[in-house]
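With mmCIF, C-alpha atoms and all ligand atoms inside, this is structure.cif:
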data_coords
#
loop_
_atom_site.label_atom_id
_atom_site.label_comp_id
_atom_site.auth_asym_id
_atom_site.auth_seq_id
_atom_site.Cartn_x
_atom_site.Cartn_y
_atom_site.Cartn_z
CA MET A 1 7.91 -3.05 -7.75
CA PRO A 2 8.59 -1.20 -10.98
CA PRO A 3 9.36 2.51 -11.23
CA LEU A 4 6.91 4.83 -12.98
CA THR A 5 7.28 4.94 -16.73
CA GLY A 6 5.78 7.10 -19.45
CA ALA A 7 5.22 10.83 -19.70
CA THR A 8 4.52 12.62 -16.44
CA CYS A 9 3.80 16.24 -15.55
CA GLU A 10 7.13 17.98 -15.06
CA ILE A 11 5.78 19.79 -12.01
CA CYS A 12 3.57 17.42 -10.01
CA GLY A 13 4.58 14.07 -11.50
CA GLU A 14 1.04 13.05 -12.48
CA ARG A 15 0.87 10.82 -15.52
CA LEU A 16 0.03 12.75 -18.68
CA PRO A 17 -2.78 11.32 -20.76
CA GLY A 18 -2.46 9.97 -24.27
CA PRO A 19 -0.33 11.73 -26.85
CA ARG A 20 1.84 14.26 -25.16
CA LEU A 21 0.47 17.73 -25.80
CA ALA A 22 2.10 19.59 -22.91
CA GLU A 23 4.87 19.21 -20.38
CA THR A 24 2.55 19.97 -17.49
CA CYS A 25 -0.86 18.60 -16.54
CA SER A 26 -4.02 20.69 -16.72
CA VAL A 27 -4.20 21.02 -12.92
CA CYS A 28 -0.70 22.55 -12.68
CA GLN A 29 -1.41 24.80 -15.65
CA GLU A 30 -4.48 26.18 -13.90
CA ASP A 31 -3.10 26.47 -10.41
CA ARG A 32 0.66 26.10 -10.12
CA PRO A 33 1.74 24.29 -6.93
CA ALA A 34 3.96 25.96 -4.33
CA PHE A 35 6.66 23.32 -4.89
CA SER A 36 9.00 23.36 -7.88
CA ARG A 37 8.67 19.67 -8.64
CA ALA A 38 7.29 16.50 -7.12
CA ALA A 39 8.72 13.12 -8.05
CA ALA A 40 7.80 9.63 -6.93
CA TYR A 41 9.47 6.29 -7.47
CA GLY A 42 6.38 4.26 -8.27
CA SER A 43 2.62 3.97 -8.37
CA TYR A 44 0.83 3.52 -5.05
CA ASP A 45 -0.60 0.08 -5.61
CA GLY A 46 0.27 -3.61 -5.53
CA GLU A 47 3.43 -4.68 -3.74
CA LEU A 48 4.76 -1.18 -3.27
CA ARG A 49 1.62 -0.23 -1.38
CA GLU A 50 1.95 -3.39 0.70
CA LEU A 51 5.55 -2.56 1.56
CA ILE A 52 4.58 0.93 2.70
CA HIS A 53 1.78 -0.54 4.82
CA LEU A 54 4.24 -3.00 6.32
CA LEU A 55 6.28 -0.09 7.60
CA LYS A 56 3.44 2.22 8.66
CA TYR A 57 0.89 -0.15 10.08
CA GLU A 58 2.78 -3.34 10.92
CA ARG A 59 5.77 -1.32 12.08
CA ILE A 60 8.28 -3.48 10.21
CA VAL A 61 11.02 -0.86 10.42
CA PRO A 62 13.59 -2.57 8.12
CA ALA A 63 11.16 -1.94 5.22
CA ALA A 64 12.32 1.68 5.43
CA GLY A 65 15.68 0.65 3.99
CA VAL A 66 14.15 -0.66 0.78
CA LEU A 67 11.77 2.30 0.53
CA GLY A 68 14.68 4.68 1.10
CA GLY A 69 16.49 3.20 -1.88
CA MET A 70 13.43 3.89 -4.00
CA LEU A 71 13.12 7.42 -2.66
CA ALA A 72 16.75 8.04 -3.58
CA ARG A 73 15.89 7.26 -7.19
CA ALA A 74 13.09 9.81 -7.15
CA VAL A 75 15.40 12.43 -5.60
CA GLY A 76 17.98 11.65 -8.29
CA GLN A 77 15.70 13.39 -10.82
CA PHE A 78 16.18 16.76 -9.11
CA GLU A 79 18.83 19.32 -9.93
CA PHE A 80 19.61 21.09 -6.70
CA GLY A 81 21.43 24.40 -6.51
CA PRO A 82 24.93 24.77 -5.04
CA THR A 83 23.77 25.37 -1.44
CA PRO A 84 23.27 22.18 0.59
CA VAL A 85 19.64 21.13 0.57
CA LEU A 86 17.63 20.97 3.79
CA VAL A 87 15.73 17.67 4.04
CA ILE A 88 12.40 17.91 5.85
CA PRO A 89 10.27 14.80 6.38
CA VAL A 90 6.55 15.68 6.42
CA PRO A 91 5.81 15.61 10.16
CA LEU A 92 3.10 13.61 11.86
CA HIS A 93 0.97 15.14 14.56
CA ARG A 94 2.65 14.28 17.86
CA SER A 95 -0.26 12.08 18.99
CA LYS A 96 0.09 9.97 15.86
CA ARG A 97 3.85 9.87 16.10
CA ARG A 98 3.60 8.70 19.68
CA ALA A 99 1.11 5.99 18.74
CA ARG A 100 3.22 4.74 15.82
CA GLY A 101 6.56 5.16 17.55
CA PHE A 102 8.21 6.79 14.56
CA ASN A 103 7.61 9.00 11.57
CA GLN A 104 7.87 6.80 8.49
CA ALA A 105 8.83 9.77 6.31
CA GLU A 106 11.84 10.42 8.53
CA LEU A 107 12.99 6.79 8.46
CA ILE A 108 12.67 6.70 4.68
CA ALA A 109 14.52 10.02 4.31
CA ARG A 110 17.40 8.80 6.47
CA ALA A 111 17.65 5.57 4.49
CA ALA A 112 17.57 7.50 1.20
CA LEU A 113 20.40 9.80 2.23
CA LYS A 114 22.66 6.78 2.69
CA ASN A 115 22.11 6.07 -1.02
CA LEU A 116 22.60 9.63 -2.21
CA LYS A 117 25.85 11.46 -2.56
CA LEU A 118 24.71 14.91 -1.55
CA SER A 119 27.26 17.00 0.29
CA GLY A 120 26.36 18.96 3.39
CA VAL A 121 22.82 17.64 3.55
CA GLU A 122 21.08 17.72 6.89
CA ILE A 123 17.76 16.28 8.01
CA ALA A 124 15.74 18.84 9.90
CA THR A 125 12.98 17.25 11.93
CA GLY A 126 11.86 20.06 14.24
CA VAL A 127 11.67 22.80 11.62
CA LEU A 128 8.23 21.97 10.27
CA GLU A 129 5.53 21.10 12.81
CA ARG A 130 2.12 19.56 12.44
CA ARG A 131 -0.17 21.48 14.73
CA ARG A 132 -3.29 19.45 14.22
CA ASP A 133 -4.31 16.19 12.71
CA THR A 134 -6.38 16.89 9.64
CA ALA A 135 -9.82 15.47 8.99
CA SER A 136 -10.26 12.98 6.19
CA GLN A 137 -9.82 14.42 2.70
CA ILE A 138 -12.10 11.81 1.15
CA GLY A 139 -14.81 13.24 -1.05
CA LEU A 140 -13.57 16.82 -0.81
CA THR A 141 -13.02 19.01 -3.83
CA ARG A 142 -9.61 20.56 -4.44
CA PRO A 143 -10.47 23.93 -2.83
CA GLN A 144 -12.12 22.13 0.10
CA ARG A 145 -9.00 20.03 0.64
CA ALA A 146 -6.82 23.13 0.63
CA GLU A 147 -9.13 24.75 3.17
CA ASN A 148 -9.19 21.58 5.28
CA ILE A 149 -5.41 21.49 5.62
CA ARG A 150 -4.79 25.21 5.99
CA GLY A 151 -3.10 25.95 9.30
CA ALA A 152 -2.26 22.29 9.97
CA PHE A 153 1.48 22.96 9.70
CA ARG A 154 3.79 25.69 10.87
CA VAL A 155 7.47 26.50 10.46
CA ALA A 156 9.03 26.55 13.92
CA HIS A 157 12.48 27.82 12.94
CA LEU A 158 12.29 30.42 10.21
CA ASN A 159 16.04 31.06 10.28
CA ARG A 160 16.78 27.45 9.29
CA VAL A 161 14.61 27.71 6.19
CA ALA A 162 15.35 31.20 4.86
CA GLY A 163 17.14 31.11 1.53
CA ARG A 164 17.45 27.32 1.52
CA GLU A 165 16.34 24.75 -1.00
CA VAL A 166 14.13 22.29 0.85
CA LEU A 167 13.62 18.65 -0.02
CA LEU A 168 10.27 17.64 1.44
CA VAL A 169 9.95 13.88 1.91
CA ASP A 170 6.89 11.72 2.44
CA ASP A 171 5.97 8.10 1.88
CA VAL A 172 2.97 8.68 -0.39
CA LEU A 173 1.62 11.58 -2.41
CA THR A 174 -2.12 11.19 -2.84
CA THR A 175 -3.87 14.41 -3.80
CA GLY A 176 -0.79 16.59 -3.31
CA THR A 177 -2.69 18.81 -0.87
CA THR A 178 -0.36 18.10 2.05
CA ALA A 179 2.80 18.61 -0.02
CA ASN A 180 1.44 21.81 -1.48
CA GLU A 181 0.47 23.23 1.90
CA CYS A 182 3.88 22.35 3.41
CA ALA A 183 5.59 23.93 0.40
CA ARG A 184 3.39 27.00 0.67
CA ILE A 185 4.35 27.75 4.26
CA LEU A 186 8.01 26.85 3.69
CA ARG A 187 8.13 29.32 0.81
CA LYS A 188 6.37 31.87 2.98
CA ALA A 189 9.09 31.28 5.59
CA GLY A 190 11.68 32.16 2.97
CA ALA A 191 12.64 28.83 1.39
CA ALA A 192 14.18 29.46 -2.03
CA LYS A 193 12.66 26.33 -3.54
CA VAL A 194 10.77 23.27 -2.35
CA TRP A 195 11.23 19.87 -3.98
CA VAL A 196 8.91 17.02 -3.08
CA ALA A 197 10.00 13.39 -3.16
CA THR A 198 7.78 10.46 -2.26
CA VAL A 199 8.23 6.72 -2.60
CA ALA A 200 4.84 6.34 -4.23
CA ARG A 201 2.03 8.41 -5.66
CA THR A 202 -1.52 7.74 -6.67
CA LEU A 203 -2.19 8.22 -10.36
CA LYS A 204 -5.46 9.59 -11.69
CA GLN A 205 -6.13 6.40 -13.59
CA ASN A 206 -6.19 4.61 -10.22
CA VAL A 207 -8.27 7.17 -8.39
CA ALA A 208 -11.49 5.13 -8.65
CA ASN A 209 -10.11 2.52 -6.29
CA PHE A 210 -7.85 4.48 -4.05
CA GLU A 211 -8.65 5.45 -0.52
CA ILE A 212 -6.77 8.34 0.99
CA GLU A 213 -4.78 6.71 3.72
CA SER A 214 -2.15 9.28 4.50
CA GLU A 215 -4.33 10.90 7.11
CA PHE A 216 -5.94 7.91 8.78
CA GLU A 217 -4.81 4.43 9.55
CA PRO A 218 -7.15 1.67 8.41
CA ALA A 219 -9.55 0.67 11.19
CA VAL A 220 -8.29 -2.90 11.14
CA HIS A 221 -4.91 -1.74 12.46
CA ALA A 222 -6.26 0.80 14.90
CA SER A 223 -6.05 -1.28 18.07
ZN ZN B 301 0.91 18.55 -12.78
#

Could I get this structure in the form of structure tokens?
Ligand SMILES: [Zn+2]
Amino acid sequence: MPPLTGATCEICGERLPGPRLAETCSVCQEDRPAFSRAAAYGSYDGELRELIHLLKYERIVPAAGVLGGMLARAVGQFEFGPTPVLVIPVPLHRSKRRARGFNQAELIARAALKNLKLSGVEIATGVLERRRDTASQIGLTRPQRAENIRGAFRVAHLNRVAGREVLLVDDVLTTGTTANECARILRKAGAAKVWVATVARTLKQNVANFEIESEFEPAVHAS
């Protein structure tokens, strides 16, 4: 499961096409995300995708240890300020969390922190809440996706976020809509900066054959 190589957008981490003309992709140039930077360990396909599915859908919890090591490498690209960073795993809606028994983003974040030497870091799980499960993002345009997810999250403890640098953690970054919405409301709640780290991300070149799975579990595993 190789790490991403080649030139990527210095904001969202998307792969930059062909000869490098800019540091940022056209999407970020047009509409800058609410997060400072997003970094992923690898591309969401092949064995890495299988490993993530093993954790999420087969509930093979030890897979989180391996994924956490990968996440730590993505986080290692960030230059945090002097104040201890607040780590927030992207929350699941409570119905989904109950069904799965855990939040994979939280397990991965905890495993990653064992690999990272960051002083004073704390994982905050109740600070960001998912108020509703969002409908599928498949086939939606960028503005439609933003509209679809608006209001899905809320910051429950504003005082924990104010003035802090936040490290938002998730297993996969697909369209970036979820990360951007979480970052938007965290910034609104006073976060100084939001960094986004994921184990994997979809790359535009793979978009033709990717399904957005972060919102819905495949039917085959639904029982
Ligand atoms: Zn970008």

Excluding region 83-95 of chain A and residues on its chain fewer than 5 positions from it, collect all residues at most 6 Å away from it, counting all atoms listed in the file, and give them as number ranges by chain.
A: 105-106, 120-124, 130, 133, 165-170

List every residue of region 73-127 of chain A that has an atom at most 12 Å from any atom of region 22-46 of chain A, giving for each one its closest atom pair and the distance in Å to one decimal, counting only C-alpha atoms, sorted by chain and then by ascending residue number, as JSON lines.
{"residue": "A:Arg73", "atom": "CA", "partner": "A:Tyr41", "partner_atom": "CA", "distance": 6.5}
{"residue": "A:Ala74", "atom": "CA", "partner": "A:Tyr41", "partner_atom": "CA", "distance": 5.1}
{"residue": "A:Val75", "atom": "CA", "partner": "A:Ala39", "partner_atom": "CA", "distance": 7.1}
{"residue": "A:Gly76", "atom": "CA", "partner": "A:Ala39", "partner_atom": "CA", "distance": 9.4}
{"residue": "A:Gln77", "atom": "CA", "partner": "A:Ala39", "partner_atom": "CA", "distance": 7.5}
{"residue": "A:Phe78", "atom": "CA", "partner": "A:Arg37", "partner_atom": "CA", "distance": 8.1}
{"residue": "A:Glu79", "atom": "CA", "partner": "A:Arg37", "partner_atom": "CA", "distance": 10.2}
{"residue": "A:Phe80", "atom": "CA", "partner": "A:Ser36", "partner_atom": "CA", "distance": 10.9}
{"residue": "A:Ala112", "atom": "CA", "partner": "A:Tyr41", "partner_atom": "CA", "distance": 11.9}

Nearest to ligand ZN 301 (chain B), chosen from A:Leu55, A:Met1, A:Ala7, A:Val61, with only C-alpha atoms and all ligand atoms counted in the distances
A:Ala7

Rounded to one decimal place, report the CA of Thr202 (chain A)-CA of Thr174 (chain A) distance in Å.
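Taking CA of Thr202 (chain A) as the start and CA of Thr174 (chain A) as the end point, the length is 5.2 Å.
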
So, with only C-alpha atoms and all ligand atoms as the atoms that count, which of A:Leu4, A:Cys9, A:Val155, A:Ile138 lies closest to ligand ZN 301 (chain B)?
A:Cys9

Using all atoms listed in the file for the distances, tell me which of A:Met70, A:Lys188, A:Ile52, A:Gly176 is nearest to ligand ZN 301 (chain B).
A:Gly176

Would you place a box with edges along x, y and z of the file around all atoms of region 178-182 of chain A listed there, add 5 Å to each of its six sides, and report the centre and edge lengths in Å to one decimal, as AutoDock Vina command-line options?
--center_x 1.8 --center_y 20.7 --center_z 1.0 --size_x 14.2 --size_y 15.1 --size_z 14.9

So which one's closest to Lys114 (chain A), A:Val127, A:Ala72, A:Val194, A:Val199? Using only C-alpha atoms, please.
A:Ala72

Which is closer to Pro143 (chain A) than all the others in A:Gly68, A:Tyr57, A:Thr175, A:Leu118, using only C-alpha atoms?
A:Thr175

What residues have an atom no more than 10 Å from (12.7, -0.6, 2.9) in the file's own frame, counting all atoms listed in the file, and can you write them as a PyMOL selection string?
chain A and resi 51-52+54-55+60-71+107-108+111-112

With all atoms listed in the file as the basis for distance, which of A:Leu48, A:Gly190, A:Lys204, A:His157 is at the shortest distance from ligand ZN 301 (chain B)?
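Smallest separation from ligand ZN 301 (chain B) among the options: A:Lys204.
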
Report the distance between CA of Arg131 (chain A) and CA of Thr177 (chain A) in Å, rounded to one decimal place.
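According to the coordinates, CA of Arg131 (chain A) and CA of Thr177 (chain A) are separated by 16.0 Å.
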
Within 8 Å of (13.7, 27.8, 6.8), all atoms listed in the file: residues as a VMD selection string?
chain A and resid 127 155 157 to 164 186 189 to 191

Need to verify the contact set: Thr134 (chain A), 10 Å, all atoms listed in the file, exclusion of same-chain residues closer than 6 positions in sequence. Can you return it as a VMD selection string?
chain A and resid 93 145 148 to 153 178 215 to 216

In Å and to one decimal, CA of Arg201 (chain A) is distant from CA of Val172 (chain A) by 5.4 Å
